[in-house]
>>> print(open('coords.txt').read())   # compact mmCIF, C-alpha atoms
# COMPACT_ATOMS: atom_id res chain seq x y z
CA MET T 1 15.32 30.99 -46.43
CA ILE T 2 15.10 29.62 -42.89
CA ALA T 3 17.95 30.61 -40.57
CA TYR T 4 18.25 27.25 -38.83
CA GLU T 5 21.43 28.21 -36.99
CA LYS T 6 19.69 31.14 -35.28
CA LEU T 7 16.62 29.05 -34.44
CA ILE T 8 18.73 26.30 -32.89
CA LEU T 9 20.73 28.73 -30.74
CA ASP T 10 17.68 30.78 -29.74
CA TRP T 11 15.82 27.71 -28.51
CA GLN T 12 18.85 26.35 -26.71
CA ASP T 13 19.06 29.69 -24.91
CA PHE T 14 15.35 29.48 -24.08
CA VAL T 15 15.72 25.95 -22.65
CA LYS T 16 18.69 27.04 -20.57
CA ASN T 17 16.82 29.96 -18.97
CA ALA T 18 13.30 28.49 -18.78
CA ASN T 19 11.80 28.45 -15.29
CA ILE T 20 9.83 25.20 -15.24
CA ILE T 21 7.22 24.26 -12.64
CA LYS T 22 7.13 20.48 -12.26
CA ARG T 23 4.07 18.66 -13.52
CA ASP T 24 2.90 15.21 -12.42
CA TYR T 25 4.50 13.22 -15.24
CA ILE T 26 7.48 10.86 -15.09
CA PHE T 27 10.04 10.52 -17.87
CA TYR T 28 11.21 6.93 -18.24
CA ASN T 29 14.91 6.95 -19.06
CA ASP T 30 14.59 3.54 -20.73
CA LEU T 31 12.94 5.35 -23.64
CA LEU T 32 16.33 6.74 -24.61
CA GLU T 33 17.68 3.22 -25.00
CA LEU T 34 14.66 1.59 -26.64
CA ASN T 35 14.82 3.52 -29.91
CA LYS T 36 11.41 5.11 -29.33
CA ILE T 37 9.94 8.30 -30.74
CA VAL T 38 8.46 10.06 -27.71
CA SER T 39 5.25 11.85 -28.63
CA PHE T 40 3.19 14.34 -26.63
CA VAL T 41 -0.43 14.51 -27.71
CA TRP T 42 -3.61 16.39 -26.87
CA THR T 43 -5.17 19.68 -27.85
CA ARG T 44 -3.23 22.86 -28.51
CA ARG T 45 -2.04 25.00 -25.57
CA VAL T 46 -2.60 22.23 -23.02
CA GLY T 47 1.08 22.30 -22.06
CA LYS T 48 2.74 19.78 -24.40
CA THR T 49 5.64 22.12 -25.17
CA TYR T 50 6.04 22.88 -21.48
CA LEU T 51 6.22 19.18 -20.60
CA MET T 52 8.72 18.46 -23.38
CA LEU T 53 10.91 21.29 -22.09
CA SER T 54 10.67 20.05 -18.50
CA PHE T 55 11.80 16.56 -19.58
CA ILE T 56 14.65 18.06 -21.61
CA LYS T 57 15.84 20.09 -18.63
CA GLN T 58 15.61 16.97 -16.46
CA LEU T 59 17.74 15.00 -18.93
CA ILE T 60 20.30 17.80 -19.08
CA GLU T 61 20.47 18.02 -15.27
CA GLU T 62 20.93 14.24 -15.08
CA LYS T 63 23.67 14.51 -17.75
CA LYS T 64 21.82 12.16 -20.10
CA ILE T 65 22.09 14.76 -22.87
CA GLU T 66 23.76 18.15 -23.34
CA LEU T 67 22.11 21.49 -24.04
CA GLU T 68 24.07 21.81 -27.30
CA GLN T 69 22.36 18.68 -28.64
CA ILE T 70 18.88 20.24 -28.63
CA VAL T 71 17.34 21.09 -32.01
CA PHE T 72 13.92 22.59 -31.32
CA LEU T 73 11.58 23.49 -34.21
CA ASP T 74 8.08 24.94 -33.79
CA PHE T 75 5.87 23.91 -36.72
CA SER T 76 2.86 25.92 -35.57
CA LEU T 77 4.55 28.98 -37.10
CA ASN T 78 3.79 29.93 -40.69
CA TYR T 79 7.13 29.74 -42.40
CA TRP T 80 7.48 25.95 -42.83
CA GLU T 81 6.68 25.61 -46.52
CA ASN T 82 9.62 23.44 -47.50
CA ILE T 83 11.54 21.53 -44.87
CA ASP T 84 14.54 19.36 -45.61
CA TYR T 85 16.09 17.26 -42.86
CA THR T 86 19.47 17.22 -44.66
CA GLU T 87 19.65 21.01 -44.52
CA ILE T 88 18.83 21.01 -40.80
CA LEU T 89 21.55 18.43 -40.13
CA GLU T 90 24.05 20.38 -42.22
CA LYS T 91 23.37 23.64 -40.36
CA TYR T 92 23.53 21.88 -37.00
CA LYS T 93 26.92 20.35 -37.84
CA THR T 94 28.30 23.79 -38.69
CA LEU T 95 27.48 24.83 -35.12
CA PHE T 96 28.35 21.62 -33.27
CA PRO T 97 30.41 19.31 -35.48
CA ASP T 98 31.19 16.86 -32.65
CA LYS T 99 27.66 16.60 -31.17
CA THR T 100 24.72 14.32 -31.92
CA PRO T 101 21.46 16.27 -32.32
CA PHE T 102 18.40 15.55 -30.16
CA PHE T 103 15.32 16.67 -32.11
CA VAL T 104 12.30 18.32 -30.49
CA PHE T 105 9.40 19.12 -32.85
CA ASP T 106 6.37 21.11 -31.71
CA GLU T 107 2.91 20.78 -33.38
CA ILE T 108 4.34 18.56 -36.10
CA GLN T 109 0.94 17.81 -37.63
CA ASP T 110 1.22 21.19 -39.39
CA ILE T 111 3.92 20.11 -41.87
CA TRP T 112 2.98 18.51 -45.16
CA ASN T 113 5.83 15.97 -45.41
CA LEU T 114 5.47 14.62 -41.88
CA ARG T 115 6.07 10.96 -42.69
CA GLN T 116 9.16 11.43 -44.83
CA PHE T 117 10.67 14.04 -42.52
CA VAL T 118 10.37 12.12 -39.24
CA LEU T 119 11.04 8.72 -40.78
CA ALA T 120 14.31 9.94 -42.31
CA LEU T 121 15.62 11.21 -38.97
CA PHE T 122 14.35 8.15 -37.13
CA ASN T 123 16.13 5.81 -39.55
CA LEU T 124 19.34 7.72 -38.85
CA GLN T 125 18.92 6.69 -35.18
CA TYR T 126 18.39 10.19 -33.81
CA LYS T 127 16.37 10.72 -30.63
CA ILE T 128 13.09 12.51 -31.30
CA PHE T 129 10.49 14.26 -29.13
CA LEU T 130 7.42 15.52 -30.94
CA SER T 131 4.09 17.07 -30.02
CA TRP T 132 0.86 16.51 -31.88
CA SER T 133 -2.63 17.95 -31.59
CA ASN T 134 -4.75 15.39 -33.40
CA SER T 135 -5.41 12.00 -31.84
CA LYS T 136 -6.84 10.24 -34.87
CA LEU T 137 -3.96 11.15 -37.14
CA LEU T 138 -1.49 10.15 -34.45
CA SER T 139 -3.03 6.74 -34.07
CA SER T 140 -3.68 5.98 -37.72
CA GLU T 141 -0.67 7.60 -39.33
CA LEU T 142 2.22 8.03 -36.94
CA SER T 143 1.89 4.72 -35.08
CA THR T 144 1.22 2.88 -38.33
CA HIS T 145 4.25 4.35 -40.05
CA PHE T 146 6.58 3.64 -37.15
CA ARG T 147 5.19 0.31 -35.94
CA TRP T 148 5.28 0.27 -32.14
CA ARG T 149 8.23 2.65 -32.06
CA VAL T 150 6.17 5.49 -30.59
CA TYR T 151 5.75 6.04 -26.85
CA GLU T 152 2.87 8.41 -26.19
CA TYR T 153 2.32 10.88 -23.36
CA GLN T 154 -1.21 12.22 -23.25
CA VAL T 155 -0.86 15.71 -21.81
CA PHE T 156 -3.95 16.77 -19.89
CA PRO T 157 -4.96 20.15 -18.45
CA LEU T 158 -3.58 21.01 -15.02
CA THR T 159 -4.77 18.85 -12.14
CA PHE T 160 -5.79 20.20 -8.74
CA LYS T 161 -2.27 19.75 -7.32
CA GLU T 162 -0.63 21.25 -10.41
CA ILE T 163 -2.91 24.30 -10.26
CA LEU T 164 -1.73 24.94 -6.71
CA ARG T 165 1.91 24.73 -7.84
CA PHE T 166 1.29 27.17 -10.69
CA LYS T 167 -0.23 29.54 -8.15
CA TRP T 168 2.67 28.99 -5.72
CA ILE T 169 0.37 27.52 -3.07
CA GLU T 170 1.94 24.96 -0.75
CA GLU T 171 0.31 21.53 -0.92
CA LYS T 172 -1.05 20.44 2.47
CA ASN T 173 -3.20 17.70 3.91
CA HIS T 174 -5.11 20.30 5.89
CA TYR T 175 -5.68 24.00 5.32
CA SER T 176 -6.67 26.77 7.71
CA SER T 177 -9.92 28.64 7.10
CA GLY T 178 -8.07 31.46 5.36
CA GLU T 179 -6.04 29.06 3.21
CA THR T 180 -9.19 27.11 2.33
CA TRP T 181 -10.83 30.31 1.10
CA ILE T 182 -7.81 31.11 -1.10
CA VAL T 183 -7.60 27.61 -2.59
CA LYS T 184 -11.33 27.48 -3.28
CA SER T 185 -11.17 30.89 -4.93
CA ILE T 186 -8.43 29.62 -7.24
CA ILE T 187 -10.42 26.49 -8.16
CA ASN T 188 -13.58 28.56 -8.60
CA GLU T 189 -11.74 30.72 -11.12
CA THR T 190 -10.53 27.56 -12.84
CA LEU T 191 -14.10 26.30 -13.18
CA ILE T 192 -14.93 29.49 -15.11
CA PHE T 193 -11.85 29.96 -17.30
CA GLY T 194 -10.44 26.42 -17.48
CA ASN T 195 -7.27 24.70 -16.32
CA PHE T 196 -4.85 25.24 -19.20
CA PRO T 197 -1.39 26.38 -18.00
CA GLU T 198 -1.38 29.89 -19.53
CA ILE T 199 -4.90 30.54 -18.26
CA VAL T 200 -4.12 29.44 -14.71
CA ALA T 201 -0.77 31.25 -14.57
CA THR T 202 -2.18 34.72 -15.18
CA ASN T 203 -4.29 36.63 -12.66
CA ASN T 204 -5.67 39.09 -15.22
CA VAL T 205 -9.22 38.26 -16.28
CA MET T 206 -8.92 40.06 -19.63
CA THR T 207 -5.75 38.13 -20.44
CA LYS T 208 -7.53 34.88 -19.59
CA LEU T 209 -10.39 35.78 -21.95
CA ASP T 210 -8.04 36.89 -24.73
CA ASN T 211 -6.10 33.62 -24.47
CA LEU T 212 -9.31 31.58 -24.53
CA LYS T 213 -10.51 33.42 -27.66
CA THR T 214 -7.16 32.79 -29.33
CA TYR T 215 -7.28 29.09 -28.43
CA PHE T 216 -10.80 28.76 -29.78
CA ASN T 217 -10.09 30.62 -33.03
CA ILE T 218 -7.07 28.41 -33.79
CA LEU T 219 -9.10 25.31 -33.04
CA PHE T 220 -12.10 26.51 -35.08
CA TYR T 221 -10.35 27.86 -38.15
CA LYS T 222 -7.17 25.80 -38.36
CA ASP T 223 -7.98 22.46 -36.72
CA LEU T 224 -11.57 22.16 -37.96
CA LEU T 225 -12.43 24.36 -40.96
CA GLU T 226 -9.04 24.12 -42.63
CA ARG T 227 -8.02 20.58 -41.71
CA TYR T 228 -11.36 18.96 -42.53
CA LYS T 229 -12.23 21.37 -45.38
CA ILE T 230 -15.55 22.33 -43.78
CA GLU T 231 -17.42 24.95 -45.80
CA ASN T 232 -20.55 25.32 -43.68
CA GLU T 233 -19.14 27.59 -40.97
CA PRO T 234 -22.53 28.52 -39.38
CA ALA T 235 -23.43 24.84 -38.92
CA LEU T 236 -20.10 24.02 -37.29
CA ARG T 237 -20.26 27.04 -34.99
CA TYR T 238 -23.81 26.15 -33.90
CA PHE T 239 -22.75 22.54 -33.31
CA LEU T 240 -19.89 23.65 -31.04
CA LYS T 241 -22.22 25.96 -29.11
CA VAL T 242 -24.64 23.10 -28.45
CA ILE T 243 -21.82 20.81 -27.29
CA SER T 244 -20.31 23.49 -25.05
CA LYS T 245 -23.71 24.16 -23.46
CA SER T 246 -24.44 20.45 -22.96
CA TYR T 247 -21.13 19.35 -21.49
CA THR T 248 -21.44 16.65 -18.79
CA LYS T 249 -24.81 15.76 -20.38
CA THR T 250 -25.74 13.03 -22.87
CA ILE T 251 -25.56 14.11 -26.51
CA ASN T 252 -28.22 13.21 -29.08
CA ILE T 253 -26.67 13.94 -32.48
CA ASN T 254 -29.97 13.47 -34.34
CA LYS T 255 -31.54 16.08 -32.09
CA ILE T 256 -28.77 18.53 -33.01
CA PHE T 257 -29.55 17.89 -36.69
CA ASN T 258 -33.20 18.80 -36.07
CA GLU T 259 -32.13 21.95 -34.20
CA LEU T 260 -29.94 22.99 -37.13
CA GLN T 261 -32.89 22.53 -39.46
CA SER T 262 -35.12 24.61 -37.19
CA GLN T 263 -32.51 27.41 -37.32
CA TRP T 264 -32.66 27.29 -41.14
CA ILE T 265 -29.09 26.00 -41.27
CA ILE T 266 -29.13 23.45 -44.07
CA VAL T 267 -26.92 20.39 -43.55
CA TRP T 268 -26.86 16.76 -44.65
CA LYS T 269 -28.24 14.35 -42.05
CA ASN T 270 -24.81 12.79 -41.57
CA THR T 271 -23.04 16.15 -41.10
CA PRO T 272 -23.49 16.43 -37.30
CA HIS T 273 -22.14 12.87 -36.95
CA GLN T 274 -19.04 13.91 -38.90
CA TYR T 275 -18.65 16.99 -36.70
CA TRP T 276 -18.95 14.79 -33.61
CA GLU T 277 -16.04 12.68 -34.88
CA TYR T 278 -13.94 15.75 -35.75
CA VAL T 279 -14.33 17.45 -32.37
CA GLN T 280 -13.19 14.27 -30.64
CA ASN T 281 -10.18 13.98 -32.94
CA ILE T 282 -8.95 17.46 -32.05
CA PHE T 283 -9.74 17.02 -28.35
CA PHE T 284 -12.52 19.59 -28.16
CA VAL T 285 -14.58 17.00 -26.29
CA TYR T 286 -14.03 13.76 -24.45
CA TRP T 287 -16.97 11.37 -24.46
CA LEU T 288 -18.09 8.74 -21.94
CA GLU T 289 -20.06 5.58 -22.56
CA ASN T 290 -22.83 4.30 -20.33
CA PHE T 291 -21.31 1.37 -18.41
CA TYR T 292 -24.56 -0.58 -18.69
CA ASN T 293 -25.18 0.13 -22.37
CA PRO T 294 -22.29 1.18 -24.66
CA ASN T 295 -24.76 1.79 -27.50
CA SER T 296 -26.77 4.42 -25.65
CA PHE T 297 -26.08 8.15 -25.82
CA LYS T 298 -22.60 9.34 -24.90
CA LYS T 299 -21.83 12.01 -22.32
CA ALA T 300 -19.66 14.89 -23.52
CA PHE T 301 -16.97 16.57 -21.41
CA LEU T 302 -15.01 19.62 -22.51
CA CYS T 303 -11.25 19.28 -22.68
CA ASN T 304 -11.09 23.02 -22.02
CA ILE T 305 -13.80 24.07 -19.56
CA GLY T 306 -13.25 27.71 -20.51
CA PHE T 307 -14.75 27.24 -23.98
CA ASN T 308 -18.20 27.35 -22.39
CA LYS T 309 -17.34 30.88 -21.23
CA ILE T 310 -16.29 31.89 -24.75
CA LEU T 311 -19.26 30.43 -26.59
CA TRP T 312 -22.03 31.26 -24.09
CA ASP T 313 -20.57 33.73 -21.59
CA LYS T 314 -22.56 31.90 -18.93
CA GLU T 315 -21.33 30.03 -15.90
CA ASN T 316 -22.73 26.70 -14.77
CA MET T 317 -20.58 25.84 -11.79
CA GLY T 318 -22.23 22.46 -11.27
CA GLN T 319 -21.39 21.27 -14.79
CA SER T 320 -17.91 22.80 -14.62
CA PHE T 321 -17.16 21.11 -11.31
CA GLU T 322 -18.22 17.70 -12.66
CA ASN T 323 -16.07 18.33 -15.75
CA PHE T 324 -13.13 19.28 -13.49
CA VAL T 325 -13.43 16.03 -11.49
CA PHE T 326 -13.73 14.03 -14.71
CA LEU T 327 -10.44 15.49 -16.04
CA GLU T 328 -8.75 14.49 -12.79
CA LEU T 329 -9.98 10.91 -13.23
CA VAL T 330 -9.37 10.41 -16.94
CA LYS T 331 -5.72 11.38 -16.56
CA ARG T 332 -5.19 8.46 -14.18
CA TYR T 333 -7.55 5.71 -15.28
CA ASN T 334 -8.08 4.03 -18.64
CA LYS T 335 -11.75 3.25 -18.22
CA VAL T 336 -14.10 5.90 -16.87
CA TYR T 337 -17.83 5.66 -17.56
CA TYR T 338 -21.13 7.02 -16.37
CA LYS T 339 -23.89 4.69 -15.18
CA LYS T 340 -27.52 4.93 -16.17
CA ASN T 341 -30.33 2.44 -15.84
CA TRP T 342 -33.21 3.43 -13.54
CA THR T 343 -30.92 5.94 -11.82
CA GLU T 344 -27.80 7.76 -12.99
CA ILE T 345 -24.34 7.96 -11.42
CA ASP T 346 -22.14 10.79 -12.69
CA LEU T 347 -18.85 8.90 -12.99
CA PHE T 348 -17.71 5.30 -12.59
CA VAL T 349 -14.06 4.14 -12.42
CA GLU T 350 -14.08 0.50 -13.51
CA GLU T 351 -10.53 -0.18 -12.28
CA LYS T 352 -11.47 0.70 -8.70
CA LYS T 353 -15.18 -0.18 -8.87
CA LEU T 354 -15.78 3.37 -7.74
CA ASN T 355 -19.09 5.23 -8.05
CA ILE T 356 -18.78 9.01 -7.92
CA GLN T 357 -21.42 11.71 -7.60
CA VAL T 358 -20.32 15.32 -8.02
CA CYS T 359 -22.16 18.27 -6.46
CA TYR T 360 -21.03 21.88 -6.40
CA GLU T 361 -23.44 23.05 -3.65
CA LEU T 362 -24.44 20.23 -1.33
CA ASN T 363 -27.39 21.18 0.87
CA PHE T 364 -30.49 19.80 2.56
CA ASP T 365 -32.56 20.31 -0.60
CA ASN T 366 -30.42 18.16 -2.91
CA PHE T 367 -28.67 15.81 -0.45
CA ILE T 368 -31.22 12.98 -0.70
CA ARG T 369 -31.31 13.26 -4.50
CA GLU T 370 -27.51 13.04 -4.75
CA LEU T 371 -27.44 9.95 -2.49
CA LYS T 372 -30.28 8.09 -4.18
CA PRO T 373 -28.19 6.49 -7.01
CA PHE T 374 -25.91 4.91 -4.37
CA LYS T 375 -28.67 3.07 -2.56
CA ASP T 376 -28.52 -0.16 -4.56
CA ASN T 377 -24.79 -0.06 -5.35
CA TRP T 378 -22.51 -2.05 -3.05
CA GLU T 379 -19.25 -0.83 -4.55
CA GLN T 380 -17.29 2.15 -3.22
CA ASN T 381 -19.51 5.24 -3.23
CA ILE T 382 -18.07 8.75 -3.08
CA LEU T 383 -19.86 12.08 -3.11
CA ILE T 384 -17.54 14.98 -3.99
CA TYR T 385 -18.66 18.51 -3.14
CA PHE T 386 -17.30 22.00 -3.50
CA ASN T 387 -19.42 23.67 -0.80
CA ARG T 388 -21.70 22.00 1.74
CA GLU T 389 -24.09 22.77 4.54
CA ASP T 390 -23.26 21.49 8.00
CA ASN T 391 -25.15 18.81 9.93
CA LEU T 392 -25.86 16.56 6.96
CA GLU T 393 -26.33 12.96 8.11
CA ILE T 394 -23.97 10.80 6.04
CA PRO T 395 -24.91 7.12 5.51
CA LYS T 396 -22.19 4.56 6.15
CA TYR T 397 -22.18 3.39 2.53
CA VAL T 398 -21.11 6.84 1.26
CA LYS T 399 -17.78 8.61 1.61
CA LEU T 400 -18.08 12.38 1.53
CA LEU T 401 -15.09 14.29 0.12
CA SER T 402 -14.38 17.99 -0.34
CA VAL T 403 -12.70 19.30 -3.49
CA LEU T 404 -9.65 19.77 -1.26
CA GLU T 405 -9.54 16.00 -0.69
CA LEU T 406 -9.55 14.89 -4.35
CA ASP T 407 -6.26 13.05 -3.92
CA GLU T 408 -7.97 10.53 -1.62
CA ILE T 409 -9.72 8.93 -4.61
CA LEU T 410 -6.78 9.12 -7.03
>>> encode(input="coords.txt", output="structure tokens")
Amino acid sequence: MIAYEKLILDWQDFVKNANIIKRDYIFYNDLLELNKIVSFVWTRRVGKTYLMLSFIKQLIEEKKIELEQIVFLDFSLNYWENIDYTEILEKYKTLFPDKTPFFVFDEIQDIWNLRQFVLALFNLQYKIFLSWSNSKLLSSELSTHFRWRVYEYQVFPLTFKEILRFKWIEEKNHYSSGETWIVKSIINETLIFGNFPEIVATNNVMTKLDNLKTYFNILFYKDLLERYKIENEPALRYFLKVISKSYTKTININKIFNELQSQWIIVWKNTPHQYWEYVQNIFFVYWLENFYNPNSFKKAFLCNIGFNKILWDKENMGQSFENFVFLELVKRYNKVYYKKNWTEIDLFVEEKKLNIQVCYELNFDNFIRELKPFKDNWEQNILIYFNREDNLEIPKYVKLLSVLELDEIL
């Protein structure tokens, strides 16, 4: 028997006392009037719950809603076998007979009667926030069932500016040498362990690793093996290792099939293609098309950079830095590509006609190579670096930006 009264009061108390650091998202008050379900989607532990709570606190502070209206239920826990909206409403009314509930549902993909449960409350005209960790199901099921009545927030990992806030570093246009060293150390750590809120917030390396292992195990066992009923665990694990090693590179799925065969892991030829679809659905990877040829190989980017650390325990700062810049861009722009014909450009923002090369260590040995793809491109050309040698001669057609100046392109 679920003690709904206790859950409701406990979460209201949590909301009241939660210390929220502002993220770079705006809540549009019109959503309260437009009869919209507000959904928060992306992978687990990216901060969807945190953002929902920050919006709730904002609405309470602005007197749009009251704390006593909040009914928060976390469906990632294991005790939701049978859930009845009428029972929840009945228990809420015993606590607050004169209030209208405002429902907040976390990880709602984990309940079996999703459609009936949400639809019943929606038809009763209640306001609903919900978080979801599977993009394909959200698009094909939730939006279909509710017909344009869903407003979606895609919740991404922490951006550069948000990381500084979580570390209580003041945002500045210019930093002293000492401040620059501190900020770069923080970003360097992020390139190793990833930019999920819990990971960034702690300074303990072992805690970071433990959290990453927990994230991965939930994703592997619950979101992949269980959800898609995958029985070949060795094949899936090998597939994820290949993807996590090859992030920011083009992915040849047929080549992965051949590698599986060479490892004596027997799979159907179509299996790696199915895995590729699944890992996109659960936001393990984000893929980019070639701007010049959408049918060519896709580039893979990790939604959680830290998974490379878990699966390989190796650090490739160049790949991680490119992945970090990509996550900054994809949060803001709808269409990000890479370019490849006779040369290759790391990232291309179609909206701004912006070519971007990313280099962790810019020096005399690689400077010419990094500039070469820009030579025949007359759009905006930006080279983003983490560290650089002095006295590099910068051509007029290239804008050179430090990691500390990321906001200048956003």
>>> closest_residue(input="coords.txt", among="T:Leu329, T:Ile256, T:Leu164, T:Ile382", to="T:Glu179", atoms="all atoms listed in the file")
T:Leu164
>>> residues_around(input="coords.txt", residues="stretch 147-157 of chain T", least_positions_apart="4", cutoff="9 Å", atoms="only C-alpha atoms", output="PDB file with C-alpha atoms, in the frame of the given file")
ATOM      1  CA  TYR T  25       4.500  13.220 -15.240  1.00  0.00           C
ATOM      2  CA  LEU T  31      12.940   5.350 -23.640  1.00  0.00           C
ATOM      3  CA  LEU T  34      14.660   1.590 -26.640  1.00  0.00           C
ATOM      4  CA  ASN T  35      14.820   3.520 -29.910  1.00  0.00           C
ATOM      5  CA  LYS T  36      11.410   5.110 -29.330  1.00  0.00           C
ATOM      6  CA  ILE T  37       9.940   8.300 -30.740  1.00  0.00           C
ATOM      7  CA  VAL T  38       8.460  10.060 -27.710  1.00  0.00           C
ATOM      8  CA  SER T  39       5.250  11.850 -28.630  1.00  0.00           C
ATOM      9  CA  PHE T  40       3.190  14.340 -26.630  1.00  0.00           C
ATOM     10  CA  VAL T  41      -0.430  14.510 -27.710  1.00  0.00           C
ATOM     11  CA  TRP T  42      -3.610  16.390 -26.870  1.00  0.00           C
ATOM     12  CA  THR T  43      -5.170  19.680 -27.850  1.00  0.00           C
ATOM     13  CA  VAL T  46      -2.600  22.230 -23.020  1.00  0.00           C
ATOM     14  CA  GLY T  47       1.080  22.300 -22.060  1.00  0.00           C
ATOM     15  CA  LYS T  48       2.740  19.780 -24.400  1.00  0.00           C
ATOM     16  CA  LEU T  51       6.220  19.180 -20.600  1.00  0.00           C
ATOM     17  CA  LEU T 142       2.220   8.030 -36.940  1.00  0.00           C
ATOM     18  CA  SER T 143       1.890   4.720 -35.080  1.00  0.00           C
ATOM     19  CA  GLY T 194     -10.440  26.420 -17.480  1.00  0.00           C
ATOM     20  CA  ASN T 195      -7.270  24.700 -16.320  1.00  0.00           C
ATOM     21  CA  PHE T 196      -4.850  25.240 -19.200  1.00  0.00           C
ATOM     22  CA  PRO T 197      -1.390  26.380 -18.000  1.00  0.00           C
ATOM     23  CA  CYS T 303     -11.250  19.280 -22.680  1.00  0.00           C
ATOM     24  CA  ASN T 304     -11.090  23.020 -22.020  1.00  0.00           C
ATOM     25  CA  LEU T 327     -10.440  15.490 -16.040  1.00  0.00           C
ATOM     26  CA  GLU T 328      -8.750  14.490 -12.790  1.00  0.00           C
ATOM     27  CA  VAL T 330      -9.370  10.410 -16.940  1.00  0.00           C
ATOM     28  CA  LYS T 331      -5.720  11.380 -16.560  1.00  0.00           C
TER      29      LYS T 331
END
>>> closest_residue(input="coords.txt", among="T:Leu302, T:Ile128, T:Leu219, T:Ile182", to="T:Lys245", atoms="all atoms listed in the file")
T:Leu302
>>> residues_around(input="coords.txt", residues="T:Asn203", least_positions_apart="5", cutoff="10 Å", atoms="only C-alpha atoms", output="list in words")
Lys167, Ile186, Glu189 and Lys208 of chain T
>>> atom_distance(input="coords.txt", atom1="atom CA of T:Ile345", atom2="atom CA of T:Phe374")
7.8 Å
>>> residues_around(input="coords.txt", residues="T:Thr343", least_positions_apart="2", cutoff="9 Å", atoms="only C-alpha atoms", output="JSON, numbers by chain")
{"T": [339, 340, 341, 345, 372, 373]}
>>> write_last_selection(input="coords.txt", atoms="C-alpha atoms", output="compact mmCIF listing (two decimals), in the coordinates of the input")
# COMPACT_ATOMS: atom_id res chain seq x y z
CA LYS T 339 -23.89 4.69 -15.18
CA LYS T 340 -27.52 4.93 -16.17
CA ASN T 341 -30.33 2.44 -15.84
CA ILE T 345 -24.34 7.96 -11.42
CA LYS T 372 -30.28 8.09 -4.18
CA PRO T 373 -28.19 6.49 -7.01
>>> residues_around(input="coords.txt", residues="T:Phe72", least_positions_apart="2", cutoff="7 Å", atoms="all atoms listed in the file", output="ChimeraX atom specification")
/T:8,11,70,74,103-105
>>> atom_distance(input="coords.txt", atom1="atom CA of T:Leu401", atom2="atom CA of T:Asn308")
26.2 Å
>>> residues_around(input="coords.txt", residues="stretch 227-233 of chain T", least_positions_apart="2", cutoff="10 Å", atoms="only C-alpha atoms", output="PDB file with C-alpha atoms, in the coordinates of the input")
ATOM      1  CA  ASP T 110       1.220  21.190 -39.390  1.00  0.00           C
ATOM      2  CA  LEU T 219      -9.100  25.310 -33.040  1.00  0.00           C
ATOM      3  CA  PHE T 220     -12.100  26.510 -35.080  1.00  0.00           C
ATOM      4  CA  TYR T 221     -10.350  27.860 -38.150  1.00  0.00           C
ATOM      5  CA  LYS T 222      -7.170  25.800 -38.360  1.00  0.00           C
ATOM      6  CA  ASP T 223      -7.980  22.460 -36.720  1.00  0.00           C
ATOM      7  CA  LEU T 224     -11.570  22.160 -37.960  1.00  0.00           C
ATOM      8  CA  LEU T 225     -12.430  24.360 -40.960  1.00  0.00           C
ATOM      9  CA  ALA T 235     -23.430  24.840 -38.920  1.00  0.00           C
ATOM     10  CA  LEU T 236     -20.100  24.020 -37.290  1.00  0.00           C
ATOM     11  CA  ARG T 237     -20.260  27.040 -34.990  1.00  0.00           C
ATOM     12  CA  TYR T 238     -23.810  26.150 -33.900  1.00  0.00           C
ATOM     13  CA  PHE T 239     -22.750  22.540 -33.310  1.00  0.00           C
ATOM     14  CA  ILE T 265     -29.090  26.000 -41.270  1.00  0.00           C
ATOM     15  CA  ILE T 266     -29.130  23.450 -44.070  1.00  0.00           C
ATOM     16  CA  VAL T 267     -26.920  20.390 -43.550  1.00  0.00           C
ATOM     17  CA  THR T 271     -23.040  16.150 -41.100  1.00  0.00           C
ATOM     18  CA  GLN T 274     -19.040  13.910 -38.900  1.00  0.00           C
ATOM     19  CA  TYR T 275     -18.650  16.990 -36.700  1.00  0.00           C
ATOM     20  CA  TYR T 278     -13.940  15.750 -35.750  1.00  0.00           C
TER      21      TYR T 278
END
>>> atom_distance(input="coords.txt", atom1="atom CA of T:Thr159", atom2="atom CA of T:Gln12")
28.7 Å
>>> axis_aligned_box(input="coords.txt", around="stretch 381-387 of chain T", padding_each_side="4 Å", output="AutoDock Vina command-line options")
--center_x -18.6 --center_y 14.5 --center_z -2.4 --size_x 10.6 --size_y 26.4 --size_z 11.2
